[in-house]
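The next block holds one structure in the form of structure tokens; read it before the comments.
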Amino acid sequence: MPKNKIHKGLSKRIRVSKTGKVRHRSAYHKHLSSHKSGKRLRQLRKDRRVSSSEAKRFEKLLYRRLRGRNQPRASFKRSPSPEERRAAREAAKSND
């Protein structure tokens, strides 16, 4: 079965943190800034986080789980560490 290819255009425009939050640059900041107020330009300078609805759309394009701005970290299933896996295996053996 062929592998899924991620959307290269989207992957170049965003950064995904270790916790799954998505950062992106805000629009309207690159040029034509002379008529924009200083306050607006300062706010546009910040890195933005995507909302949950956009994160859901990005998940389909990138084939991985992401977190939105208002999505808690507890909503993710954390994969167990090797020590936790070993302990679970030993507990299963002792129950049998």
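Just so we're on the same page: first chain in the structure tokens is A, next is B, and so on; residues restart at 1 for each chain, and ligands are numbered from 1 in the order they show up.
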Would you give me, as a Markdown table, each residue of segment 64-89 of chain A having an atom within 10 Å of an atom of segment 12-34 of chain A, along with its shortest atom pair and that distance in Å to one decimal, using only C-alpha atoms and sorting by chain and residue number?
```
| residue | atom | partner | partner_atom | distance |
| --- | --- | --- | --- | --- |
| A:Arg64 | CA | A:Gly20 | CA | 9.3 |
| A:Arg65 | CA | A:Gly20 | CA | 7.1 |
| A:Leu66 | CA | A:Gly20 | CA | 4.7 |
| A:Arg67 | CA | A:Lys21 | CA | 4.8 |
| A:Gly68 | CA | A:Lys21 | CA | 6.0 |
| A:Arg69 | CA | A:Lys21 | CA | 7.3 |
| A:Gln71 | CA | A:Lys21 | CA | 9.2 |
| A:Arg73 | CA | A:Thr19 | CA | 7.4 |
| A:Phe76 | CA | A:Gly20 | CA | 9.4 |
```
Keeping only C-alpha atoms, take the residues you just selected and write them out as a short mmCIF file (atom, residue, chain, number, x, y, z; two decimals), in the first residue's frame.
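Saved result, part.cif, follows:
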```cif
data_model
loop_
_atom_site.label_atom_id
_atom_site.label_comp_id
_atom_site.auth_asym_id
_atom_site.auth_seq_id
_atom_site.Cartn_x
_atom_site.Cartn_y
_atom_site.Cartn_z
CA ARG A 64 -0.91 13.64 12.07
CA ARG A 65 -2.63 14.74 15.27
CA LEU A 66 -2.47 18.46 16.12
CA ARG A 67 -3.69 20.68 18.92
CA GLY A 68 -5.62 23.88 18.46
CA ARG A 69 -5.61 26.99 20.63
CA GLN A 71 -7.87 22.07 22.76
CA ARG A 73 -3.36 18.53 26.18
CA PHE A 76 -4.31 13.36 23.38
#
```
Original post:
Excluding same-chain residues fewer than 5 positions from Asn4 of chain A, what lies within 10 Å of it counting only C-alpha atoms, as a ChimeraX atom specification?
Top reply: /A:61-63
* To do: Could you check how far atom CA of Ser51 of chain A sits from atom CA of Ser81 of chain A, in Å to one decimal?
  =>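 A separation of 29.3 Å between them.
Distance-wise, atom CA of Phe58 of chain A and atom CA of Asn70 of chain A end up 15.4 Å apart.
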- Find the distance between atom CA of Arg57 of chain A and atom CA of Gly9 of chain A and write it in Å to one decimal.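 Rounded to one decimal, the two atoms are 14.0 Å apart.
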Enumerate the residues of chain A with a DSSP assignment of strand (DSSP E), computed from the backbone, and present them as a ChimeraX atom specification. /A:14-16,22-25,47-49
request  = Identify which of the residues A:Glu59, A:Leu44, A:Arg85, A:Pro72 lies closest to Ile6 of chain A, counting only C-alpha atoms when measuring atom-to-atom distances.
outcome  =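 Answer, going by the shortest atom-to-atom distance: A:Glu59.
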